[in-house]
$ cat structure-v1.csv   # CSV, C-alpha atoms
chain,number,residue,atom,x,y,z
C,1,MET,CA,80.2,95.8,111.9
C,2,SER,CA,83.8,96.2,111.0
C,3,LYS,CA,85.2,96.0,107.5
C,4,VAL,CA,88.5,94.6,106.4
C,5,VAL,CA,89.9,96.4,103.3
C,6,VAL,CA,93.1,95.4,101.5
C,7,ILE,CA,95.0,97.9,99.4
C,8,THR,CA,96.9,95.9,96.9
C,9,SER,CA,98.4,96.1,93.4
C,10,GLY,CA,100.9,93.4,92.5
C,11,LYS,CA,103.4,95.8,91.2
C,12,GLY,CA,105.6,97.8,93.5
C,13,GLY,CA,105.9,101.6,93.6
C,14,VAL,CA,102.4,102.4,92.4
C,15,GLY,CA,101.2,104.0,95.6
C,16,LYS,CA,99.8,101.3,97.9
C,17,THR,CA,101.3,102.7,101.0
C,18,THR,CA,100.5,106.3,100.1
C,19,SER,CA,97.0,105.3,99.4
C,20,SER,CA,96.7,103.3,102.6
C,21,ALA,CA,97.9,106.2,104.7
C,22,ASN,CA,95.6,108.7,103.0
C,23,ILE,CA,92.5,106.5,102.9
C,24,ALA,CA,93.0,105.4,106.6
C,25,THR,CA,93.5,109.0,107.6
C,26,GLY,CA,90.5,110.2,105.6
C,27,ILE,CA,88.1,107.6,106.9
C,28,ALA,CA,89.2,108.3,110.5
C,29,SER,CA,88.9,112.1,110.0
C,30,LEU,CA,85.2,111.4,109.2
C,31,GLY,CA,84.7,109.9,112.6
C,32,HIS,CA,85.3,106.2,112.2
C,33,LYS,CA,87.8,104.1,114.2
C,34,VAL,CA,90.4,102.9,111.8
C,35,CYS,CA,93.5,100.7,112.1
C,36,ALA,CA,96.0,100.5,109.2
C,37,ILE,CA,98.1,97.4,109.2
C,38,ASP,CA,101.5,97.3,107.4
C,39,PHE,CA,101.8,93.8,105.9
C,40,ASP,CA,105.2,94.6,104.3
C,41,VAL,CA,107.2,92.6,106.8
C,42,GLY,CA,110.9,93.2,106.4
C,43,LEU,CA,110.4,96.5,104.5
C,44,ARG,CA,108.1,98.5,106.7
C,45,ASN,CA,107.2,101.9,105.4
C,46,LEU,CA,103.7,102.8,106.5
C,47,ASP,CA,104.9,104.1,109.8
C,48,LEU,CA,107.3,106.4,108.0
C,49,VAL,CA,104.7,107.7,105.6
C,50,MET,CA,102.3,108.3,108.5
C,51,GLY,CA,105.0,110.0,110.6
C,52,CYS,CA,105.0,107.6,113.6
C,53,GLU,CA,108.3,105.7,113.0
C,54,ARG,CA,109.9,106.9,116.2
C,55,ARG,CA,107.0,105.6,118.3
C,56,VAL,CA,107.3,102.0,117.1
C,57,VAL,CA,107.9,99.6,120.0
C,58,TYR,CA,106.2,96.4,119.1
C,59,ASP,CA,105.1,95.3,115.7
C,60,PHE,CA,102.6,93.0,113.9
C,61,VAL,CA,104.9,90.0,114.0
C,62,ASN,CA,105.4,90.4,117.8
C,63,VAL,CA,101.7,90.3,118.2
C,64,ILE,CA,101.3,87.2,116.0
C,65,LYS,CA,104.1,85.4,117.9
C,66,ASN,CA,102.5,86.4,121.2
C,67,GLU,CA,105.5,88.5,122.2
C,68,ALA,CA,103.4,91.6,122.8
C,69,LYS,CA,99.7,92.4,123.3
C,70,LEU,CA,97.9,94.1,120.4
C,71,HIS,CA,97.1,97.2,122.4
C,72,GLN,CA,100.9,97.6,123.1
C,73,ALA,CA,101.7,97.4,119.4
C,74,VAL,CA,99.1,99.7,117.8
C,75,ILE,CA,100.2,103.4,117.6
C,76,ARG,CA,97.6,106.1,118.1
C,77,ASP,CA,97.9,108.9,115.6
C,78,LYS,CA,98.4,112.3,117.2
C,79,ARG,CA,96.6,114.3,114.5
C,80,VAL,CA,93.4,112.4,113.9
C,81,ASP,CA,91.2,110.9,116.5
C,82,GLY,CA,90.4,107.2,116.1
C,83,LEU,CA,93.4,106.5,113.7
C,84,TYR,CA,95.8,103.8,114.7
C,85,VAL,CA,98.8,102.1,112.9
C,86,LEU,CA,100.0,98.6,113.4
C,87,PRO,CA,103.5,98.6,112.0
C,88,ALA,CA,105.3,95.8,110.3
C,89,SER,CA,108.4,94.1,111.6
C,90,GLN,CA,111.6,95.4,110.2
C,91,THR,CA,113.7,92.3,111.0
C,92,ARG,CA,111.6,89.3,110.1
C,93,ASP,CA,110.6,88.1,106.7
C,94,LYS,CA,107.2,87.5,105.2
C,95,GLU,CA,107.2,83.8,106.3
C,96,ALA,CA,106.5,85.1,109.8
C,97,LEU,CA,102.9,85.8,108.7
C,98,ASP,CA,100.5,82.9,108.8
C,99,ALA,CA,96.8,82.8,108.1
C,100,GLU,CA,95.9,81.7,111.7
C,101,GLY,CA,97.9,84.4,113.3
C,102,VAL,CA,96.8,87.2,111.0
C,103,GLY,CA,93.2,86.0,111.5
C,104,ARG,CA,93.6,86.2,115.2
C,105,VAL,CA,94.9,89.8,115.1
C,106,ILE,CA,92.2,90.9,112.8
C,107,GLU,CA,89.5,89.3,115.0
C,108,GLU,CA,91.0,91.0,118.0
C,109,LEU,CA,90.9,94.4,116.2
C,110,LYS,CA,87.3,93.8,115.5
C,111,GLN,CA,86.7,93.1,119.1
C,112,MET,CA,88.4,96.4,120.0
C,113,GLY,CA,85.8,98.2,118.1
C,114,PHE,CA,87.6,99.2,114.9
C,115,ASP,CA,85.2,100.1,112.1
C,116,TYR,CA,87.7,99.7,109.3
C,117,ILE,CA,90.9,97.6,109.2
C,118,ILE,CA,93.0,98.8,106.3
C,119,CYS,CA,95.6,96.2,105.2
C,120,ASP,CA,98.5,97.7,103.3
C,121,SER,CA,99.8,94.9,101.1
C,122,PRO,CA,103.4,94.4,100.1
C,123,ALA,CA,104.2,94.2,96.3
C,124,GLY,CA,104.3,90.9,94.6
C,125,ILE,CA,101.9,88.0,94.8
C,126,GLU,CA,103.7,85.8,97.4
C,127,LYS,CA,103.0,85.1,101.0
C,128,GLY,CA,102.9,88.7,102.3
C,129,ALA,CA,100.5,89.9,99.6
C,130,GLN,CA,98.3,86.8,100.0
C,131,MET,CA,98.1,87.2,103.8
C,132,ALA,CA,97.1,90.9,103.3
C,133,MET,CA,94.2,90.0,101.1
C,134,TYR,CA,93.1,86.7,102.8
C,135,TYR,CA,90.6,88.1,105.2
C,136,ALA,CA,89.5,91.1,103.1
C,137,ASP,CA,85.8,92.1,102.6
C,138,GLU,CA,86.8,94.7,100.1
C,139,ALA,CA,89.8,95.3,97.9
C,140,ILE,CA,91.2,98.6,96.5
C,141,VAL,CA,93.4,97.7,93.6
C,142,VAL,CA,95.9,100.5,93.1
C,143,THR,CA,97.0,100.8,89.4
C,144,ASN,CA,99.2,103.2,87.4
C,145,PRO,CA,98.2,103.9,83.8
C,146,GLU,CA,101.1,101.8,82.6
C,147,VAL,CA,101.3,98.4,81.0
C,148,SER,CA,103.1,96.4,83.7
C,149,SER,CA,101.0,97.8,86.4
C,150,VAL,CA,97.7,97.0,84.6
C,151,ARG,CA,98.8,93.5,83.9
C,152,ASP,CA,99.9,92.9,87.5
C,153,SER,CA,96.6,94.3,88.7
C,154,ASP,CA,94.8,91.8,86.5
C,155,ARG,CA,96.8,89.0,88.1
C,156,VAL,CA,95.9,90.3,91.6
C,157,LEU,CA,92.2,90.4,90.6
C,158,GLY,CA,92.6,86.7,89.8
C,159,LEU,CA,94.1,86.0,93.2
C,160,LEU,CA,91.4,88.0,95.0
C,161,ALA,CA,88.8,85.9,93.3
C,162,ALA,CA,90.5,82.6,94.2
C,163,LYS,CA,92.9,82.7,97.2
C,164,THR,CA,91.0,84.5,99.9
C,165,SER,CA,88.9,83.3,102.8
C,166,ARG,CA,85.7,84.6,101.1
C,167,ALA,CA,86.6,82.7,97.9
C,168,GLU,CA,87.3,79.5,99.7
C,169,ALA,CA,84.1,79.7,101.7
C,170,GLY,CA,82.2,80.2,98.5
C,171,GLY,CA,80.2,83.1,99.9
C,172,SER,CA,79.8,86.5,98.4
C,173,PRO,CA,83.0,87.6,96.6
C,174,ILE,CA,85.3,90.4,97.7
C,175,ARG,CA,84.1,93.8,96.4
C,176,THR,CA,86.9,95.2,94.2
C,177,HIS,CA,87.6,98.9,93.4
C,178,LEU,CA,90.0,100.4,91.0
C,179,LEU,CA,92.2,103.3,92.3
C,180,LEU,CA,94.1,104.8,89.4
C,181,THR,CA,97.1,106.8,90.7
C,182,ARG,CA,99.8,109.0,89.1
C,183,TYR,CA,97.4,110.0,86.4
C,184,SER,CA,98.4,112.8,84.0
C,185,PRO,CA,95.4,114.1,82.0
C,186,THR,CA,97.9,116.1,79.8
C,187,GLN,CA,99.8,113.0,78.8
C,188,VAL,CA,96.5,111.1,78.2
C,189,LYS,CA,95.3,113.9,76.0
C,190,ARG,CA,98.5,113.7,73.9
C,191,GLY,CA,98.0,109.9,73.6
C,192,GLU,CA,101.0,109.1,75.6
C,193,MET,CA,99.2,107.5,78.6
C,194,LEU,CA,96.5,104.9,78.9
C,195,SER,CA,93.3,106.8,79.8
C,196,VAL,CA,91.0,106.0,82.7
C,197,GLY,CA,88.5,104.5,80.2
C,198,ASP,CA,91.2,102.2,78.7
C,199,VAL,CA,92.2,100.9,82.1
C,200,LEU,CA,88.6,100.4,83.2
C,201,GLU,CA,87.8,98.5,80.0
C,202,LEU,CA,90.9,96.3,80.5
C,203,LEU,CA,90.3,95.5,84.2
C,204,GLY,CA,86.5,95.5,84.3
C,205,ILE,CA,86.1,96.7,87.9
C,206,PRO,CA,84.3,99.8,89.1
C,207,LEU,CA,86.4,103.0,89.5
C,208,LEU,CA,86.8,104.3,93.0
C,209,GLY,CA,88.9,107.3,92.0
C,210,VAL,CA,91.7,108.9,90.0
C,211,ILE,CA,94.6,110.5,91.9
C,212,PRO,CA,96.5,113.0,89.7
C,213,GLU,CA,100.3,112.8,89.5
C,214,SER,CA,101.5,115.5,92.0
C,215,LYS,CA,104.5,116.8,93.7
C,216,ALA,CA,102.4,117.0,96.9
C,217,VAL,CA,102.8,113.3,97.4
C,218,LEU,CA,106.5,113.4,97.8
C,219,GLN,CA,106.3,116.5,99.9
C,220,SER,CA,103.8,114.8,102.3
C,221,SER,CA,105.9,111.6,102.6
C,222,ASN,CA,109.0,113.8,103.3
C,223,LYS,CA,107.1,115.3,106.2
C,224,GLY,CA,105.4,112.1,107.4
C,225,THR,CA,102.0,113.8,107.0
C,226,PRO,CA,99.4,112.1,104.8
C,227,ALA,CA,98.6,114.5,101.9
C,228,ILE,CA,94.9,114.3,102.7
C,229,LEU,CA,95.5,116.5,105.7
C,230,ASP,CA,96.4,119.5,103.6
C,231,GLU,CA,93.1,120.1,101.8
C,232,THR,CA,94.5,122.8,99.5
C,233,THR,CA,96.3,120.2,97.2
C,234,ASP,CA,94.5,118.4,94.4
C,235,VAL,CA,95.8,115.1,95.7
C,236,ALA,CA,94.1,115.7,99.1
C,237,GLN,CA,90.9,116.5,97.3
C,238,ALA,CA,91.1,113.5,95.1
C,239,TYR,CA,91.8,111.2,98.2
C,240,LEU,CA,88.9,112.8,100.1
C,241,ASP,CA,86.6,112.1,97.2
C,242,VAL,CA,87.8,108.5,97.2
C,243,VAL,CA,87.1,108.2,100.9
C,244,TYR,CA,83.6,109.7,100.5
C,245,ARG,CA,82.9,107.4,97.6
C,246,PHE,CA,84.2,104.4,99.5
C,247,LEU,CA,81.8,105.2,102.4
C,248,GLY,CA,78.9,105.2,99.9
C,249,GLU,CA,78.5,108.8,98.9
C,250,ASP,CA,78.0,109.7,95.3
C,251,ARG,CA,80.7,112.1,94.1
C,252,GLN,CA,81.6,113.1,90.6
C,253,HIS,CA,85.0,112.1,89.3
C,254,ARG,CA,87.5,114.9,89.1
C,255,PHE,CA,91.1,115.2,87.8
C,256,ILE,CA,90.4,113.2,84.8
C,257,ASN,CA,90.5,116.0,82.3
C,258,GLU,CA,93.3,118.5,81.6
C,259,GLU,CA,93.1,121.8,83.4
C,260,LYS,CA,92.9,124.8,81.1
C,261,ARG,CA,96.3,126.4,80.4
C,262,GLY,CA,97.0,129.6,78.5
C,263,PHE,CA,98.7,129.8,75.1
C,264,LEU,CA,102.0,130.8,76.5
C,265,GLY,CA,101.9,128.0,79.1
C,266,ARG,CA,101.4,125.4,76.4
C,267,LEU,CA,104.2,126.9,74.3
C,268,PHE,CA,106.8,127.0,77.0
C,269,GLY,CA,105.4,124.4,79.4
X,1,MET,CA,111.4,121.6,71.8
X,2,LYS,CA,107.8,122.0,72.8
X,3,PHE,CA,107.1,124.4,70.0
X,4,LEU,CA,108.2,121.9,67.3
X,5,ASP,CA,106.4,119.0,68.9
X,6,TYR,CA,103.2,120.8,68.1
X,7,PHE,CA,103.7,120.2,64.4
X,8,ARG,CA,105.1,116.7,64.6
X,9,ARG,CA,102.8,113.8,64.2
X,10,THR,CA,103.9,111.2,66.7
X,11,PRO,CA,102.5,107.7,67.0
X,12,LYS,CA,100.1,107.4,69.9
X,13,THR,CA,101.8,105.1,72.3
X,14,ALA,CA,98.7,104.9,74.6
X,15,SER,CA,96.8,103.0,71.9
X,16,VAL,CA,99.7,100.7,71.3
X,17,ALA,CA,99.8,100.0,75.1
X,18,LYS,CA,96.1,99.3,75.1
X,19,ASP,CA,96.2,96.9,72.2
X,20,ARG,CA,99.1,95.0,73.7
X,21,LEU,CA,97.4,94.8,77.1
X,22,SER,CA,94.0,93.6,75.7
X,23,ILE,CA,95.8,90.6,74.1
X,24,ILE,CA,97.9,89.7,77.1
X,25,VAL,CA,95.2,90.2,79.7
X,26,ALA,CA,92.7,88.1,77.7
X,27,ARG,CA,95.3,85.3,77.3
X,28,GLU,CA,96.3,85.3,80.9
X,29,ARG,CA,92.6,85.2,82.0
X,30,SER,CA,91.8,82.3,79.8
X,31,GLY,CA,95.0,80.5,80.9
X,32,THR,CA,95.9,81.0,84.5
X,33,ARG,CA,92.6,82.2,85.9
X,34,SER,CA,90.2,79.5,84.7
X,35,ALA,CA,92.2,76.4,83.7
X,36,PRO,CA,93.6,74.0,86.2
X,37,ASP,CA,97.4,73.6,85.8
X,38,TYR,CA,97.1,69.8,85.2
X,39,LEU,CA,95.8,70.3,81.6
X,40,PRO,CA,99.1,70.0,79.8
X,41,GLN,CA,99.9,66.8,81.6
X,42,LEU,CA,96.4,65.4,81.0
X,43,GLN,CA,96.9,66.1,77.4
X,44,GLN,CA,100.2,64.2,77.3
X,45,GLU,CA,98.8,61.2,79.1
X,46,LEU,CA,95.7,61.0,76.9
X,47,LEU,CA,98.0,61.2,73.9
X,48,ALA,CA,100.0,58.3,75.3
X,49,VAL,CA,96.9,56.2,75.7
X,50,ILE,CA,95.4,57.0,72.3
X,51,ALA,CA,98.8,56.5,70.6
X,52,ARG,CA,98.6,52.8,71.6
X,53,TYR,CA,95.7,52.4,69.2
X,54,GLU,CA,96.0,55.3,66.7
X,55,LYS,CA,98.9,57.1,65.3
X,56,ILE,CA,98.3,60.7,66.3
X,57,ASP,CA,100.2,63.8,67.2
X,58,LEU,CA,100.0,66.1,70.2
X,59,GLN,CA,98.3,68.8,68.1
X,60,HIS,CA,95.4,66.4,67.4
X,61,VAL,CA,94.4,66.3,71.0
X,62,SER,CA,93.0,69.4,72.6
X,63,VAL,CA,91.8,69.8,76.2
X,64,ASN,CA,90.0,73.0,77.3
X,65,VAL,CA,88.1,74.2,80.3
X,66,ASP,CA,85.0,76.3,79.6
X,67,ARG,CA,83.4,78.2,82.4
X,68,SER,CA,79.8,79.5,82.1
X,69,GLY,CA,77.9,80.6,85.1
X,70,GLY,CA,78.6,78.3,88.0
X,71,CYS,CA,79.3,75.4,85.7
X,72,GLU,CA,82.7,74.1,84.4
X,73,VAL,CA,82.9,72.0,81.3
X,74,LEU,CA,86.0,70.0,80.5
X,75,GLU,CA,86.1,69.7,76.7
X,76,LEU,CA,88.2,67.0,75.1
X,77,ASN,CA,88.7,67.0,71.4
X,78,ILE,CA,90.5,64.3,69.5
X,79,VAL,CA,91.0,64.5,65.7
X,80,LEU,CA,91.8,61.2,64.0
X,81,PRO,CA,94.3,61.5,61.1
X,82,ASP,CA,93.5,60.8,57.4
X,83,GLY,CA,93.2,57.3,56.0
X,84,GLN,CA,93.1,55.6,59.4
X,85,THR,CA,90.8,52.8,60.4
X,86,LEU,CA,87.9,55.2,60.8
X,87,GLY,CA,87.6,56.3,57.2
X,88,THR,CA,88.6,59.5,55.4
X,89,GLY,CA,89.0,63.1,56.5
X,90,ALA,CA,90.0,64.5,59.8
X,91,ARG,CA,87.0,64.8,62.0
X,92,PRO,CA,86.3,65.1,65.7
X,93,THR,CA,85.4,61.8,67.1
X,94,GLY,CA,85.3,62.3,70.8
X,95,ARG,CA,83.7,65.1,72.7
X,96,GLY,CA,83.7,64.1,76.3
X,97,VAL,CA,82.3,66.1,79.1
X,98,VAL,CA,83.3,65.9,82.7
X,99,ALA,CA,82.9,67.8,85.9
X,100,ALA,CA,80.8,70.5,87.2
X,101,SER,CA,81.3,72.8,90.2
$ encode --input "structure-v1.csv" --output "C-alpha cells"
Amino acid sequence: MSKVVVITSGKGGVGKTTSSANIATGIASLGHKVCAIDFDVGLRNLDLVMGCERRVVYDFVNVIKNEAKLHQAVIRDKRVDGLYVLPASQTRDKEALDAEGVGRVIEELKQMGFDYIICDSPAGIEKGAQMAMYYADEAIVVTNPEVSSVRDSDRVLGLLAAKTSRAEAGGSPIRTHLLLTRYSPTQVKRGEMLSVGDVLELLGIPLLGVIPESKAVLQSSNKGTPAILDETTDVAQAYLDVVYRFLGEDRQHRFINEEKRGFLGRLFG
Amino acid sequence: MKFLDYFRRTPKTASVAKDRLSIIVARERSGTRSAPDYLPQLQQELLAVIARYEKIDLQHVSVNVDRSGGCEVLELNIVLPDGQTLGTGARPTGRGVVAAS
C-alpha cells in the first residue's frame, strides 16, 4: 500500500527541499522504495540538493504532457537502493500542472511499486502548492520558529483541511505532522526564539521532529549529498529520528534543549 | 559584548512573538477557515432589505457562522434601534438559523 506524503510550508526558505531530500533518502535507506517528486516547476532544486542535476533528461511536466514515459523521467539514486527522483521542469511554469495529470503520474508510481511518494511542494499557496498537496495521505508541515513561518503554516493547514482530494471526498482527513527546522535551543533559552512548545500550542498538530540549526545543512547541499547520509552530524541524527518516527517507531525528541557549554564558552561564545 | 549582555535585562521577544501570533492565528482561523466569503455581501444585502422597513445601520446587523462538530450554524442577529416601532431599548429581534452540513 503506497503512501503519498506532501512536504509543505507556505513560506519559502524554511527547509522543504532539504527535508524532502533527507526524509526520502532516510525512508529509502531503511529498505522502502521511494520516489521524491519536485513540484516546484520553473524553479527546480530537489535534483540539485540530491546531487543528480546532471542526469536530468526528462521531467515531471514532460510526463504529464505525455512527451516522455515515467520510467524515462525518474532518476535512480546511485547511493541508496530504492530511491528515485522525479525532477521538476526548469522551463515551464506552474500552470503546466493539472490535477488530472498529477493524479495519473501518482497512480502510475503506485503501480510501479513505490511505497512512499514524497511531494516536495513549492512555496506559496497557489497552483503548484495546491497540486503538491492534492493527492496526499499525509502532510509534513515544515515550520521555522519565526512569526511569518508559523502564520503561513497555519494557512497551509487550512488548505490541507479543505482543498485536497481527501477533503473533497469527505473521507478521513490528511494526517498532519509538524517538522520544526532551524531550531536554536540557545536562542530559545534566552527568550529570543519561539520554543517548540509555543509553536505546538499555536498550530495544534503533533510534532514529528525538531531539526537543529546547523552548518551541516549548507555543507550537504553544497555537495549534493543529503545530510542524513553522514550520520556523525546532529542534523543527520535528527532527520533519522524523524524518519523512524514517521514510520511508526517511538523515539524520544532530541535537540530541543541546549547542550552543555563551559563557563569560558559562554563568556566568549 | 557577550560579557555585558549577561547583566542586561532584555525584553523577551519570543513571548512577544507568541502573543502576536496567538491573536493573528485565532483571527485568521475564525475568518478564512470557517466562514464562507459571501458573508460581507450577505450582510450588505440584508441591510438593504431591512432598511426599507426600519432605519438601521450596518453595525446593527451581524452575520456569523458557527461550527460545532459536523454541523454549521448561520447566525443572523439584527438589533432594532431605540424608539422605533417595536418599542424601547435595543434588543435582538431575529435569530435565524439556516444550513447544516
$ interface_residues --input "structure-v1.csv" --of "chain C" --to "chain X" --cutoff "12 Å" --atoms "all atoms listed in the file" --output "ChimeraX atom specification"
/C:145-163,170,187-204,263-269
$ atom_distance --input "structure-v1.csv" --atom1 "CA of Arg52 (chain X)" --atom2 "CA of Asp66 (chain X)"
28.3 Å
$ atom_distance --input "structure-v1.csv" --atom1 "CA of Tyr84 (chain C)" --atom2 "CA of Cys35 (chain C)"
4.7 Å
$ atom_distance --input "structure-v1.csv" --atom1 "CA of Thr143 (chain C)" --atom2 "CA of Lys215 (chain C)"
18.2 Å
$ residues_around --input "structure-v1.csv" --residues "Glu95 (chain C)" --least-positions-apart "6" --cutoff "12 Å" --atoms "only C-alpha atoms" --output "list in words"
Phe39, Asp40, Val41, Gly42, Val61, Ile64, Ser89, Gly101, Val102, Glu126, Lys127, Gly128, Ala129, Gln130 and Met131 of chain C
$ residues_around --input "structure-v1.csv" --residues "Ile140 (chain C)" --least-positions-apart "6" --cutoff "7 Å" --atoms "all atoms listed in the file" --output "list in words"
Val6, Ile7, Thr8, Thr176, His177, Leu178 and Leu179 of chain C
$ build_atoms --input "structure-v1.csv" --residues "region 90-99 of chain C" --atoms "all heavy atoms" --output "PDB file, in the frame of the given file"
ATOM      1  N   GLN C  90     110.563  95.018 111.072  1.00  0.00           N
ATOM      2  CA  GLN C  90     111.600  95.400 110.200  1.00  0.00           C
ATOM      3  C   GLN C  90     112.651  94.258 110.017  1.00  0.00           C
ATOM      4  O   GLN C  90     113.381  94.199 109.044  1.00  0.00           O
ATOM      5  CB  GLN C  90     112.331  96.650 110.744  1.00  0.00           C
ATOM      6  CG  GLN C  90     113.452  97.219 109.909  1.00  0.00           C
ATOM      7  CD  GLN C  90     112.937  97.852 108.641  1.00  0.00           C
ATOM      8  OE1 GLN C  90     112.369  97.192 107.781  1.00  0.00           O
ATOM      9  NE2 GLN C  90     113.157  99.141 108.492  1.00  0.00           N
ATOM     10  N   THR C  91     112.656  93.343 110.983  1.00  0.00           N
ATOM     11  CA  THR C  91     113.700  92.300 111.000  1.00  0.00           C
ATOM     12  C   THR C  91     113.329  90.972 110.520  1.00  0.00           C
ATOM     13  O   THR C  91     114.172  90.195 110.087  1.00  0.00           O
ATOM     14  CB  THR C  91     114.266  92.202 112.454  1.00  0.00           C
ATOM     15  OG1 THR C  91     113.139  92.035 113.313  1.00  0.00           O
ATOM     16  CG2 THR C  91     115.023  93.443 112.869  1.00  0.00           C
ATOM     17  N   ARG C  92     112.047  90.655 110.572  1.00  0.00           N
ATOM     18  CA  ARG C  92     111.600  89.300 110.100  1.00  0.00           C
ATOM     19  C   ARG C  92     111.415  89.291 108.636  1.00  0.00           C
ATOM     20  O   ARG C  92     111.501  90.315 107.980  1.00  0.00           O
ATOM     21  CB  ARG C  92     110.348  88.870 110.830  1.00  0.00           C
ATOM     22  CG  ARG C  92     110.248  89.236 112.262  1.00  0.00           C
ATOM     23  CD  ARG C  92     111.084  88.326 113.139  1.00  0.00           C
ATOM     24  NE  ARG C  92     110.899  88.707 114.539  1.00  0.00           N
ATOM     25  CZ  ARG C  92     110.092  88.094 115.376  1.00  0.00           C
ATOM     26  NH1 ARG C  92     109.406  87.045 114.991  1.00  0.00           N
ATOM     27  NH2 ARG C  92     109.957  88.497 116.619  1.00  0.00           N
ATOM     28  N   ASP C  93     111.019  88.108 108.131  1.00  0.00           N
ATOM     29  CA  ASP C  93     110.600  88.100 106.700  1.00  0.00           C
ATOM     30  C   ASP C  93     109.133  87.675 106.646  1.00  0.00           C
ATOM     31  O   ASP C  93     108.494  87.395 107.661  1.00  0.00           O
ATOM     32  CB  ASP C  93     111.503  87.185 105.878  1.00  0.00           C
ATOM     33  CG  ASP C  93     111.454  85.750 106.324  1.00  0.00           C
ATOM     34  OD1 ASP C  93     110.368  85.286 106.704  1.00  0.00           O
ATOM     35  OD2 ASP C  93     112.509  85.092 106.322  1.00  0.00           O
ATOM     36  N   LYS C  94     108.635  87.655 105.420  1.00  0.00           N
ATOM     37  CA  LYS C  94     107.200  87.500 105.200  1.00  0.00           C
ATOM     38  C   LYS C  94     106.683  86.124 105.660  1.00  0.00           C
ATOM     39  O   LYS C  94     105.496  85.936 105.862  1.00  0.00           O
ATOM     40  CB  LYS C  94     106.828  87.785 103.786  1.00  0.00           C
ATOM     41  CG  LYS C  94     107.006  89.255 103.468  1.00  0.00           C
ATOM     42  CD  LYS C  94     106.682  89.605 102.052  1.00  0.00           C
ATOM     43  CE  LYS C  94     106.819  91.093 101.799  1.00  0.00           C
ATOM     44  NZ  LYS C  94     108.180  91.596 102.010  1.00  0.00           N
ATOM     45  N   GLU C  95     107.600  85.166 105.831  1.00  0.00           N
ATOM     46  CA  GLU C  95     107.200  83.800 106.300  1.00  0.00           C
ATOM     47  C   GLU C  95     106.664  83.887 107.716  1.00  0.00           C
ATOM     48  O   GLU C  95     106.040  82.948 108.190  1.00  0.00           O
ATOM     49  CB  GLU C  95     108.345  82.852 106.162  1.00  0.00           C
ATOM     50  CG  GLU C  95     108.792  82.596 104.724  1.00  0.00           C
ATOM     51  CD  GLU C  95     107.644  82.153 103.822  1.00  0.00           C
ATOM     52  OE1 GLU C  95     106.914  81.226 104.182  1.00  0.00           O
ATOM     53  OE2 GLU C  95     107.462  82.774 102.744  1.00  0.00           O
ATOM     54  N   ALA C  96     106.986  84.987 108.426  1.00  0.00           N
ATOM     55  CA  ALA C  96     106.500  85.100 109.800  1.00  0.00           C
ATOM     56  C   ALA C  96     105.004  85.300 109.875  1.00  0.00           C
ATOM     57  O   ALA C  96     104.412  85.141 110.927  1.00  0.00           O
ATOM     58  CB  ALA C  96     107.216  86.292 110.486  1.00  0.00           C
ATOM     59  N   LEU C  97     104.378  85.629 108.741  1.00  0.00           N
ATOM     60  CA  LEU C  97     102.900  85.800 108.700  1.00  0.00           C
ATOM     61  C   LEU C  97     102.280  84.436 108.406  1.00  0.00           C
ATOM     62  O   LEU C  97     102.693  83.750 107.483  1.00  0.00           O
ATOM     63  CB  LEU C  97     102.514  86.782 107.634  1.00  0.00           C
ATOM     64  CG  LEU C  97     103.037  88.209 107.740  1.00  0.00           C
ATOM     65  CD1 LEU C  97     102.611  89.007 106.521  1.00  0.00           C
ATOM     66  CD2 LEU C  97     102.535  88.870 109.008  1.00  0.00           C
ATOM     67  N   ASP C  98     101.276  84.062 109.201  1.00  0.00           N
ATOM     68  CA  ASP C  98     100.500  82.900 108.800  1.00  0.00           C
ATOM     69  C   ASP C  98      99.036  83.184 108.980  1.00  0.00           C
ATOM     70  O   ASP C  98      98.643  84.071 109.743  1.00  0.00           O
ATOM     71  CB  ASP C  98     100.907  81.686 109.736  1.00  0.00           C
ATOM     72  CG  ASP C  98     100.592  81.954 111.184  1.00  0.00           C
ATOM     73  OD1 ASP C  98     101.348  82.709 111.823  1.00  0.00           O
ATOM     74  OD2 ASP C  98      99.575  81.432 111.673  1.00  0.00           O
ATOM     75  N   ALA C  99      98.227  82.455 108.212  1.00  0.00           N
ATOM     76  CA  ALA C  99      96.800  82.800 108.100  1.00  0.00           C
ATOM     77  C   ALA C  99      96.142  82.753 109.507  1.00  0.00           C
ATOM     78  O   ALA C  99      95.314  83.615 109.824  1.00  0.00           O
ATOM     79  CB  ALA C  99      96.102  81.805 107.193  1.00  0.00           C
TER      80      ALA C  99
END
